[in-house]
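Heads up: the structure comes next, in C-alpha cells.
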Amino acid sequence: MQWVRHFSEGSASERDLLGGKGANLAEMTRLGLPVPPGFTITTDAFRALRANGNQVPDSLWEETTAALTSVEQTLDREFGNPHCPLLLSVRSGARDSMPGMMDTILNVGLDDFTVEGLAALSGERFAWDSYRRLIQMYGRVVLEVEGELFEEILTKARKDAGVSHDHELDAEQLKEVAERFKSTIEEHGAHFPHDPWDQLRGAVMAVFRSWDSPRAIAYRRSHDFPEDAGTAVNIQAMVFGNIGAGCASGVAFTRNPNSGAAGLFGEFMINAQGEDVVSGVRTPLSTDEMIDNSLFSQAHAELLDVARKLEQHFTDMQDLEFTVERGKLWMLQTRTGKRTASAAVRIAVEMASEGLISRETGVRRVRPEDIESLLHPQIDRTQEVLVLAKGMPASPGAASGKAVFTPERAKEMGEAGEAVILVRNETAAEDFPGMERSKGILTARGGMTSHAAVVARGMGLPAVTGCSGIEVDARHGRFWAGDEVVFEGDIITIDGTTGQVIRGEAAMTKPGLGDEARVLLSWADGIRQLGVRTNADTPADAARAVEFGAEGIGLCRTEHMFFAPGRIEAMRRMILAQSDPERIRALADLQVFQTADFAGIFRAMASRPVTIRLLDPPLHEFLPTTEAEVHELAVEMGIDVSAIAHIVESMREVNPMLGLRGVRLGMTFPDVTRMQARAIFAASLTVSSEGVEVHPEIMIPLVSTPEELREQRRLIEEVATDVFSRAGRTVPFQIGTMIEVPRAALVADKIAGFADFFSLGTNDLTQMTFGLSRDDAARFLPSYVEQGVLADDPFQTLDQEGVGQLVQLATERGRLTKPDLSVGVCGEHGGDPASIHFCHHAGLDYVSCSPFRVPVARLAAAHATLEARDCPPTAD
C-alpha cells in the first residue's frame, strides 16, 4: 500500500484519503496555482498505525524520505543542510475541517547548525525568530511541555528589553530566548532533537496523536464527525512572510463570512508568519491596504485572481491562507469557509442567482440550524458578560429582563410593560399566563422537553432549563448562583442557545427572516414532499406560523385556553359542580370562550387545516393549589372551604400522567367532549359564513383501544348533527386520534377503522416506550449520552430504533385498514431535523412543530427529499 502521495498526484475528490487540507492542496497544485511543494501522509497510514498498536507501517519513513527528496530537487534546497536548508511545516488534515483542534509544527529542520545557514541566507533576526518558534511549538506539541512556561520566558524577555511585542526583540534577544526554551525542555525531562529527521518523525507522530486530544474529540462529537476517519499529515516546504521587506502573511475569504457580501474579505500582517495573524499578537491590516502598497500590489492582484478561480472551481465561498515572500504570492490552504447563518443564506441565494450553483445546491448549503438562529435574538459575542450559571439550551434566542419568581408577578409586570424573566424550580400548565407575559424562562429543574421548554419554544421564548447551578427560593424572591444572589427585580439575561445565565442586560443582535431566507425557503418548498404544520394554541401563534410558512395546525392544545382569568374559574366550577345544572352552566361559559378562541384560530389559518386536540391533562391541574385560592373559590361557589379542600385532595393521583386524562376524561365526563365539539362546530359555522374556508380536525388524545375512539366519535358526530341541523348548513370535518400509547401503535389497524387521521404524539410515546418521565430524565440522560448508552436525548431526537419502530408500525398498520390515512407527527420531534428525516423515510404526510421551528422544518424536509434522491432505498 502507498502511504505517501505528492500534492501533484492527488485531487479534491480524495478527501477520505488525503484529508480536506491535503486534497485541496493537491487540487490547487493541479490547477497550477502557486502552492509550495509538498506531500501528504494518508489517512490509511493513520489507520494502519492504530491497527498496529501505534507502530509505524512498514516503508512509511522510506516513502517519506523519497517524497522529501523530490521536494528538495524542486527547490534546490536540502533538508538538514546548513548551507541551503529546507524547512518544513507539518500540519494535520482531517477529512472534515476542524480548525484549531489538531496540531501544527512549523520550521521543522532548524537546529544549532542550520539556523546559522538560514541566518547567512536570510538574516539573523529572521533565523533566530524561526528557530525559537520551532522550539516553542515542538516543546509544547511534541514533547508536551506546558506552553505557559514558554510564554513566561517570552514575557520576561520583552520586559527585560523594554518592548511590548515579540517582533520587537532583536536577534541576540531571540537567541537567548531559544536557549532558555531548550533549558526549560531539559528541566522537564525532555530533549529537543537536533537531528532534523528526528524532528520530522516526532512532528508526524504528534499530529497523529492530536486526533485523540480532548478538544478534537469534543469537536467531532459536537459536529457529529466520525471517530474512525482519522487524520492525514501534510508536509510542505516552508515559505516565509517574516523575512523582511515585501513579506507578509494573511487570511482571506472570497466573500464576507459575516454578511455574505461578494468580494474579497481578508486581513494580512507585514513581516509575520501565519500564526501571528490568527493569534492576535498584533492588529492586522485589511487586504485592501495591499492595493496601494507598492510591495504588495502585485500580490494583491494575484490574490484576487486566485480567489476568483477557487470560488468558481469549488463553487463555494473559500477560506484562504496565503504568504507573500519577497513579493511572491504563495497559497497555503483553501477550504470551504465558515460563515454566520445570515451569510450562509445570502451566499447560497446569490450564488444560485449568479448561476454558479443550482437552487437545489443552494438549499443543501444552508443548515436547518442556520435558519433557526435567524429567528431568535442573539447575544453580542463581542461584549464581555458575567456568566452566573449554565443550564440546558432549551429554546433558542436570548432575552433580558427583571427576575420574577411567580407567574402571577410575571403576568402583572408583563402587562404593565416591564420585561421579565420568569424564574422557577420548574413550570406547570397553570404557569402559562405568567409565561406568556415573560420575555424568557429559567428553571432549575426539567429537561429539554419539559413543560417550560415545550411551551417556550411554542411561543418563541428563549428558555434555559435544568440549570442545576442555581438554587431558587421563590418564597423570598431570590436565587443563588454560587456566591452570587439575584433578587426579584434584578436584571438578568438568559441565552437559550448556549444555556448561559448572565447577570445584567447583555447587548443583543437583532434577528429576522430576511428576503434571502424567504427566497431560499420558497426553493425548499418546491423540493420537499413532507408537509409542515405548526403547534399553535392562540390566533397570534397561528398568524405567526402562517407568516413562517405553516400549511396548517397539527396540534392546537385546548387546555392552555382554560388558564386565563375568567376561564380558570369557570373550569373549576365545572370540575367541582355538585349538580348537573351547575356543571351545565359552567360548561356553557367555557363553550363561549372556546368558540371565540377557535374562531380566531380558523380566521388566522385562512382555509388551512386545524387539528384540535380535546382536553388532555388531568383535571386536578386546573384546581387551586394554595389556601388563598381555595378560600376564594369557596366564596365564589358558596361551598365550605373544607369541602373544596377535600374534593381537591381526592382528585390528586399518584401518577397523573398515566391517570384520568385524555380520552379517559371524555369517557368519564362526556359533557366535556360535547362542549368542546359544540364550540368547534359553532366556530366553524361562524367563520365559514364570513367567506373563510375552514377545515377542523378533531383529535382524541391518549387512545389505547378502538372502543374508546368509537365512543368518542359517536358523541362528536351526534353533536355535529345537532349543530348543523339547527344552523341549516354544514362544514366538512374529520375525527382522528393521537397515537401516543404503545398499545395504540400495536392495534393501529383496528383503531384506524374509526379514525380519519393519525397524529403521532412522540413526546408521550417516547415516555411510555422508554418508561421515562421527560421532566425527571434530565438528571441522568446527559450522562447516558456522554457514556454512549444513548446516541441522543430521545426527547430531542426521535429514537429510531425503538420508538421509530412504533411510528412505522402504526403508520403501516393504520394504512392496511385505510390506505389513504393521513399520518403526521405533532411532538417536539416535528422540529428536529434528524427526526424530520426519519419521518420522511417512514412515509408520513406531515410534521408539526412550534411556529418558530416551521422554517427549520421546511428546510429539513427539503434536505430529507434531496437525501432520498441521492440514496434511494434498495430492495432487501
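Labels used: A, B, ... for chains in the order of the C-alpha cells, numbers from 1 for residues in each chain, and numbers from 1 for ligands as shown.
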As a VMD selection string, which residues of region 9-126 of chain A does DSSP assign to alpha helix (DSSP H)?
-> chain A and resid 15 to 30 43 to 51 60 to 75 114 to 122 124 to 126
At a cut-off of 6 Å, using only C-alpha atoms, what residues contact region 335-343 of chain A? Leave out same-chain residues fewer than 6 positions from it and give the result as an mmCIF file with all heavy atoms, in the first residue's frame.
data_model
loop_
_atom_site.group_PDB
_atom_site.id
_atom_site.type_symbol
_atom_site.label_atom_id
_atom_site.label_comp_id
_atom_site.auth_asym_id
_atom_site.auth_seq_id
_atom_site.Cartn_x
_atom_site.Cartn_y
_atom_site.Cartn_z
ATOM 1 N N PRO A 257 -17.567 36.584 5.430
ATOM 2 C CA PRO A 257 -18.146 35.474 6.198
ATOM 3 C C PRO A 257 -19.179 35.921 7.219
ATOM 4 O O PRO A 257 -19.909 35.088 7.755
ATOM 5 C CB PRO A 257 -16.918 34.862 6.895
ATOM 6 C CG PRO A 257 -15.970 36.006 7.040
ATOM 7 C CD PRO A 257 -16.167 36.853 5.816
ATOM 8 N N ASN A 258 -19.260 37.209 7.491
ATOM 9 C CA ASN A 258 -20.253 37.717 8.440
ATOM 10 C C ASN A 258 -21.545 38.132 7.754
ATOM 11 O O ASN A 258 -22.633 37.837 8.243
ATOM 12 C CB ASN A 258 -19.682 38.898 9.217
ATOM 13 C CG ASN A 258 -18.524 38.480 10.093
ATOM 14 O OD1 ASN A 258 -18.565 37.431 10.738
ATOM 15 N ND2 ASN A 258 -17.473 39.278 10.121
ATOM 16 N N SER A 259 -21.431 38.799 6.622
ATOM 17 C CA SER A 259 -22.621 39.285 5.925
ATOM 18 C C SER A 259 -22.952 38.479 4.676
ATOM 19 O O SER A 259 -24.093 38.496 4.214
ATOM 20 C CB SER A 259 -22.432 40.747 5.530
ATOM 21 O OG SER A 259 -21.438 40.859 4.512
ATOM 22 N N GLY A 260 -21.952 37.804 4.106
ATOM 23 C CA GLY A 260 -22.154 37.085 2.853
ATOM 24 C C GLY A 260 -21.945 37.928 1.625
ATOM 25 O O GLY A 260 -22.068 37.435 0.494
ATOM 26 N N MET A 317 -17.954 29.594 -1.159
ATOM 27 C CA MET A 317 -17.073 30.584 -0.555
ATOM 28 C C MET A 317 -15.864 29.882 0.057
ATOM 29 O O MET A 317 -15.999 28.888 0.756
ATOM 30 C CB MET A 317 -17.833 31.363 0.523
ATOM 31 C CG MET A 317 -17.033 32.515 1.111
ATOM 32 S SD MET A 317 -16.252 32.062 2.672
ATOM 33 C CE MET A 317 -17.580 32.361 3.827
ATOM 34 N N GLN A 318 -14.661 30.422 -0.229
ATOM 35 C CA GLN A 318 -13.429 29.791 0.222
ATOM 36 C C GLN A 318 -12.728 30.622 1.299
ATOM 37 O O GLN A 318 -12.760 31.851 1.290
ATOM 38 C CB GLN A 318 -12.472 29.605 -0.955
ATOM 39 C CG GLN A 318 -12.978 28.626 -2.009
ATOM 40 C CD GLN A 318 -13.113 27.214 -1.470
ATOM 41 O OE1 GLN A 318 -12.114 26.552 -1.175
ATOM 42 N NE2 GLN A 318 -14.347 26.754 -1.337
ATOM 43 N N ASP A 319 -12.104 29.904 2.209
ATOM 44 C CA ASP A 319 -11.265 30.472 3.262
ATOM 45 C C ASP A 319 -9.814 30.192 2.847
ATOM 46 O O ASP A 319 -9.420 29.029 2.705
ATOM 47 C CB ASP A 319 -11.615 29.777 4.582
ATOM 48 C CG ASP A 319 -10.684 30.160 5.724
ATOM 49 O OD1 ASP A 319 -9.753 30.947 5.522
ATOM 50 O OD2 ASP A 319 -10.905 29.632 6.844
ATOM 51 N N ASP A 370 -29.052 26.997 10.864
ATOM 52 C CA ASP A 370 -28.791 28.361 10.403
ATOM 53 C C ASP A 370 -30.086 29.160 10.352
ATOM 54 O O ASP A 370 -30.146 30.314 10.779
ATOM 55 C CB ASP A 370 -28.145 28.351 9.014
ATOM 56 C CG ASP A 370 -26.720 27.835 9.024
ATOM 57 O OD1 ASP A 370 -26.051 27.966 10.058
ATOM 58 O OD2 ASP A 370 -26.280 27.279 7.997
#
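Between CA of Val703 (chain A) and CA of Leu806 (chain A) there is a distance of 14.8 Å.
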Separation of CA of Phe593 (chain A) from CA of Ala540 (chain A), in Å and rounded to one decimal | 16.0 Å
Residue contacts of Val141 (chain A) (9 Å, only C-alpha atoms) excluding same-chain residues fewer than 6 positions away, as a PyMOL selection string = chain A and resi 103-105+147+203+206-207+210
With C-alpha atoms retained, write the just-selected residues as an mmCIF file, in the first residue's frame.
data_model
loop_
_atom_site.group_PDB
_atom_site.id
_atom_site.type_symbol
_atom_site.label_atom_id
_atom_site.label_comp_id
_atom_site.auth_asym_id
_atom_site.auth_seq_id
_atom_site.Cartn_x
_atom_site.Cartn_y
_atom_site.Cartn_z
ATOM 1 C CA ASP A 103 -1.684 20.268 15.923
ATOM 2 C CA THR A 104 0.759 22.009 13.602
ATOM 3 C CA ILE A 105 4.541 22.345 13.818
ATOM 4 C CA GLY A 147 3.004 26.047 26.926
ATOM 5 C CA ALA A 203 6.184 16.026 14.489
ATOM 6 C CA ALA A 206 2.409 14.253 17.334
ATOM 7 C CA VAL A 207 -0.042 15.242 14.604
ATOM 8 C CA SER A 210 -3.625 15.068 18.244
#
Nearby residues (only C-alpha atoms) at most 7 Å from region 865-870 of chain A, same-chain spacing under 5 positions excluded, as a PyMOL selection string = chain A and resi 527-529
Selected residues written out with all heavy atoms, as a CSV table (one decimal), in the first residue's frame:
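Final file, again-v3.csv:
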chain,number,residue,atom,x,y,z
A,527,ILE,N,-39.1,21.6,-3.3
A,527,ILE,CA,-38.4,20.3,-3.3
A,527,ILE,C,-39.0,19.3,-2.3
A,527,ILE,O,-39.2,18.1,-2.7
A,527,ILE,CB,-36.9,20.6,-2.8
A,527,ILE,CG1,-36.2,21.4,-3.9
A,527,ILE,CG2,-36.2,19.2,-2.6
A,527,ILE,CD1,-34.8,21.9,-3.4
A,528,ARG,N,-39.4,19.8,-1.1
A,528,ARG,CA,-39.8,18.8,-0.1
A,528,ARG,C,-41.2,18.1,-0.4
A,528,ARG,O,-42.0,18.7,-1.2
A,528,ARG,CB,-40.0,19.5,1.2
A,528,ARG,CG,-41.0,20.6,1.3
A,528,ARG,CD,-41.0,21.3,2.7
A,528,ARG,NE,-41.8,22.5,2.7
A,528,ARG,CZ,-43.1,22.5,2.9
A,528,ARG,NH1,-43.8,21.4,3.2
A,528,ARG,NH2,-43.8,23.7,2.9
A,529,GLN,N,-41.3,16.9,0.1
A,529,GLN,CA,-42.5,16.1,0.0
A,529,GLN,C,-43.3,16.1,1.3
A,529,GLN,O,-44.5,15.9,1.2
A,529,GLN,CB,-42.2,14.7,-0.5
A,529,GLN,CG,-41.5,14.6,-1.8
A,529,GLN,CD,-41.0,13.2,-2.1
A,529,GLN,OE1,-40.6,12.5,-1.2
A,529,GLN,NE2,-40.9,12.9,-3.4
Please report as a tab-separated table every residue of region 587-620 of chain A lying within 8 Å of region 682-700 of chain A, along with the nearest atom pair and their distance in Å (one decimal), using only C-alpha atoms.
residue	atom	partner	partner_atom	distance
A:Thr595	CA	A:Ala683	CA	5.1
A:Ala596	CA	A:Ala683	CA	6.9
A:Phe598	CA	A:Ala683	CA	5.9
A:Ala599	CA	A:Ala683	CA	4.7
A:Phe602	CA	A:Val694	CA	6.3
A:Arg603	CA	A:Val687	CA	6.7
A:Ala606	CA	A:Val692	CA	6.1
A:Ser607	CA	A:Glu693	CA	4.4
A:Arg608	CA	A:His695	CA	6.5
A:Pro609	CA	A:His695	CA	4.6
A:Val610	CA	A:Pro696	CA	5.1
A:Thr611	CA	A:Glu697	CA	4.4
A:Ile612	CA	A:Ile698	CA	5.1
A:Arg613	CA	A:Met699	CA	4.6
A:Leu614	CA	A:Ile700	CA	5.9
For Ser8 (chain A), list every protein, DNA or RNA residue within 9 Å, evaluated using only C-alpha atoms, and leave out those in the same chain fewer than 3 positions away; present the list as a compact mmCIF listing (two decimals) with all heavy atoms, in the first residue's frame.
# COMPACT_ATOMS: atom_id res chain seq x y z
N ARG A 5 1.54 10.50 -0.71
CA ARG A 5 1.13 10.99 -2.03
C ARG A 5 1.62 12.43 -2.20
O ARG A 5 1.40 13.28 -1.34
CB ARG A 5 -0.40 10.97 -2.14
CG ARG A 5 -1.02 9.59 -2.10
CD ARG A 5 -0.99 8.90 -3.45
NE ARG A 5 -1.87 9.59 -4.38
CZ ARG A 5 -3.18 9.36 -4.48
NH1 ARG A 5 -3.76 8.46 -3.71
NH2 ARG A 5 -3.90 10.02 -5.37
N SER A 11 -6.16 14.95 -5.76
CA SER A 11 -7.22 15.86 -6.22
C SER A 11 -8.21 16.07 -5.09
O SER A 11 -8.20 15.38 -4.07
CB SER A 11 -7.94 15.28 -7.44
OG SER A 11 -8.75 14.18 -7.05
N LEU A 25 -4.91 21.12 -1.22
CA LEU A 25 -3.56 21.50 -1.68
C LEU A 25 -3.25 20.80 -3.01
O LEU A 25 -2.68 21.40 -3.92
CB LEU A 25 -2.52 21.12 -0.62
CG LEU A 25 -2.46 22.04 0.61
CD1 LEU A 25 -1.62 21.39 1.71
CD2 LEU A 25 -1.89 23.41 0.24
N ALA A 26 -3.65 19.54 -3.09
CA ALA A 26 -3.44 18.80 -4.34
C ALA A 26 -4.23 19.43 -5.49
O ALA A 26 -3.73 19.56 -6.62
CB ALA A 26 -3.83 17.33 -4.16
N GLU A 27 -5.47 19.84 -5.19
CA GLU A 27 -6.31 20.43 -6.22
C GLU A 27 -5.74 21.77 -6.69
O GLU A 27 -5.73 22.07 -7.89
CB GLU A 27 -7.74 20.61 -5.69
CG GLU A 27 -8.75 20.99 -6.75
CD GLU A 27 -9.11 19.84 -7.68
OE1 GLU A 27 -8.63 18.70 -7.47
OE2 GLU A 27 -9.89 20.07 -8.63
N THR A 29 -2.63 22.61 -6.61
CA THR A 29 -1.45 22.26 -7.40
C THR A 29 -1.85 21.86 -8.81
O THR A 29 -1.25 22.27 -9.81
CB THR A 29 -0.66 21.13 -6.72
OG1 THR A 29 -0.27 21.55 -5.41
CG2 THR A 29 0.57 20.75 -7.52
N ARG A 30 -2.88 21.05 -8.90
CA ARG A 30 -3.38 20.58 -10.20
C ARG A 30 -3.87 21.74 -11.06
O ARG A 30 -3.76 21.71 -12.29
CB ARG A 30 -4.51 19.58 -9.97
CG ARG A 30 -4.90 18.75 -11.19
CD ARG A 30 -5.95 17.71 -10.83
NE ARG A 30 -7.21 18.31 -10.46
CZ ARG A 30 -8.14 18.71 -11.34
NH1 ARG A 30 -7.90 18.57 -12.64
NH2 ARG A 30 -9.26 19.24 -10.93
N PRO A 37 5.73 23.22 -2.75
CA PRO A 37 5.67 21.78 -2.97
C PRO A 37 5.62 21.01 -1.66
O PRO A 37 6.11 21.47 -0.62
CB PRO A 37 6.95 21.49 -3.74
CG PRO A 37 7.88 22.60 -3.39
CD PRO A 37 7.01 23.80 -3.20
N GLY A 38 5.00 19.83 -1.73
CA GLY A 38 4.91 19.01 -0.54
C GLY A 38 4.20 17.71 -0.84
O GLY A 38 3.95 17.35 -2.00
N PHE A 39 3.83 17.00 0.22
CA PHE A 39 3.19 15.69 0.06
C PHE A 39 2.35 15.41 1.29
O PHE A 39 2.44 16.10 2.32
CB PHE A 39 4.24 14.60 -0.15
CG PHE A 39 5.32 14.56 0.89
CD1 PHE A 39 5.19 13.76 2.03
CD2 PHE A 39 6.47 15.32 0.75
CE1 PHE A 39 6.18 13.73 2.99
CE2 PHE A 39 7.48 15.29 1.71
CZ PHE A 39 7.33 14.50 2.84
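CA of Glu369 (chain A) lies 22.0 Å from CA of Ala507 (chain A).
Residues lying within 6 Å of Phe322 (chain A), counting only C-alpha atoms and ignoring same-chain neighbours fewer than 3 positions away, are Ser249, Gly250, Trp330, Met331 and Leu332 of chain A.
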Mind writing the picked residues with N, CA, C and O atoms as a JSON list (two decimals), in the first residue's frame?
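Just written: result29.json:
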[["chain", "number", "residue", "atom", "x", "y", "z"],
["A", 249, "SER", "N", 1.96, 37.70, 5.72],
["A", 249, "SER", "CA", 1.08, 36.52, 5.78],
["A", 249, "SER", "C", -0.34, 37.00, 6.02],
["A", 249, "SER", "O", -0.56, 38.05, 6.64],
["A", 250, "GLY", "N", -1.29, 36.22, 5.53],
["A", 250, "GLY", "CA", -2.67, 36.66, 5.69],
["A", 250, "GLY", "C", -3.69, 35.56, 5.54],
["A", 250, "GLY", "O", -3.37, 34.42, 5.17],
["A", 330, "TRP", "N", 2.18, 33.02, -2.33],
["A", 330, "TRP", "CA", 2.10, 31.56, -2.17],
["A", 330, "TRP", "C", 0.77, 31.22, -1.49],
["A", 330, "TRP", "O", 0.40, 31.87, -0.51],
["A", 331, "MET", "N", 0.09, 30.21, -1.99],
["A", 331, "MET", "CA", -1.17, 29.77, -1.39],
["A", 331, "MET", "C", -0.90, 28.56, -0.50],
["A", 331, "MET", "O", -0.37, 27.54, -0.95],
["A", 332, "LEU", "N", -1.29, 28.67, 0.76],
["A", 332, "LEU", "CA", -1.02, 27.62, 1.72],
["A", 332, "LEU", "C", -2.24, 26.75, 2.03],
["A", 332, "LEU", "O", -2.09, 25.63, 2.52]]
Which neighbours of Ser395 (chain A) fall inside 8 Å, counting only C-alpha atoms, when residues of the same chain fewer than 6 positions from it are skipped, and could you give them as an MDAnalysis selection string?
-> chainID A and resid 453 456:457 460:464 496:497
What does the file look like for those residues with C-alpha atoms, as a PDB file, in the first residue's frame?
ATOM      1  CA  ALA A 453     -39.061  24.043  27.193  1.00  0.00           C
ATOM      2  CA  ALA A 456     -41.306  28.375  25.471  1.00  0.00           C
ATOM      3  CA  ARG A 457     -40.435  27.001  22.041  1.00  0.00           C
ATOM      4  CA  GLY A 460     -40.746  31.609  20.545  1.00  0.00           C
ATOM      5  CA  LEU A 461     -39.467  32.456  24.016  1.00  0.00           C
ATOM      6  CA  PRO A 462     -35.852  31.795  24.992  1.00  0.00           C
ATOM      7  CA  ALA A 463     -35.572  29.250  27.792  1.00  0.00           C
ATOM      8  CA  VAL A 464     -32.851  27.713  29.925  1.00  0.00           C
ATOM      9  CA  GLY A 496     -31.368  29.811  25.193  1.00  0.00           C
ATOM     10  CA  THR A 497     -28.813  28.985  22.512  1.00  0.00           C
TER      11      THR A 497
END
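Of the listed residues A:Met637, A:Arg77, A:Asp616, A:Leu702, the one whose atoms come nearest to Arg573 (chain A) is A:Met637, with distances taken using only C-alpha atoms.
The closest residue to Gly274 (chain A), picked from A:Val239, A:Leu134, A:Ala419, A:Ala744 and counting only C-alpha atoms, is A:Val239.
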Counting only C-alpha atoms, the residue of A:Pro782, A:Gly19, A:Gly466, A:Pro706 that sits nearest Gly814 (chain A) = A:Pro706
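Assigned to strand (DSSP E or B) in region 793-839 of chain A, given DSSP computed from backbone atoms, are Ser822, Val823, Gly824 and Val825 of chain A.
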Take the residues from that selection and put them in a file with N, CA, C and O atoms, as an mmCIF file, in the first residue's frame.
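Contents of part_3.cif, as written:
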data_model
loop_
_atom_site.group_PDB
_atom_site.id
_atom_site.type_symbol
_atom_site.label_atom_id
_atom_site.label_comp_id
_atom_site.auth_asym_id
_atom_site.auth_seq_id
_atom_site.Cartn_x
_atom_site.Cartn_y
_atom_site.Cartn_z
ATOM 1 N N SER A 822 -54.186 9.775 6.598
ATOM 2 C CA SER A 822 -53.191 10.832 6.805
ATOM 3 C C SER A 822 -52.501 10.600 8.146
ATOM 4 O O SER A 822 -53.166 10.386 9.166
ATOM 5 N N VAL A 823 -51.174 10.654 8.124
ATOM 6 C CA VAL A 823 -50.397 10.412 9.343
ATOM 7 C C VAL A 823 -49.353 11.521 9.488
ATOM 8 O O VAL A 823 -48.606 11.809 8.542
ATOM 9 N N GLY A 824 -49.317 12.121 10.665
ATOM 10 C CA GLY A 824 -48.322 13.157 10.938
ATOM 11 C C GLY A 824 -47.718 12.989 12.313
ATOM 12 O O GLY A 824 -48.122 12.117 13.083
ATOM 13 N N VAL A 825 -46.752 13.836 12.610
ATOM 14 C CA VAL A 825 -46.112 13.864 13.925
ATOM 15 C C VAL A 825 -46.343 15.238 14.525
ATOM 16 O O VAL A 825 -46.116 16.258 13.856
#
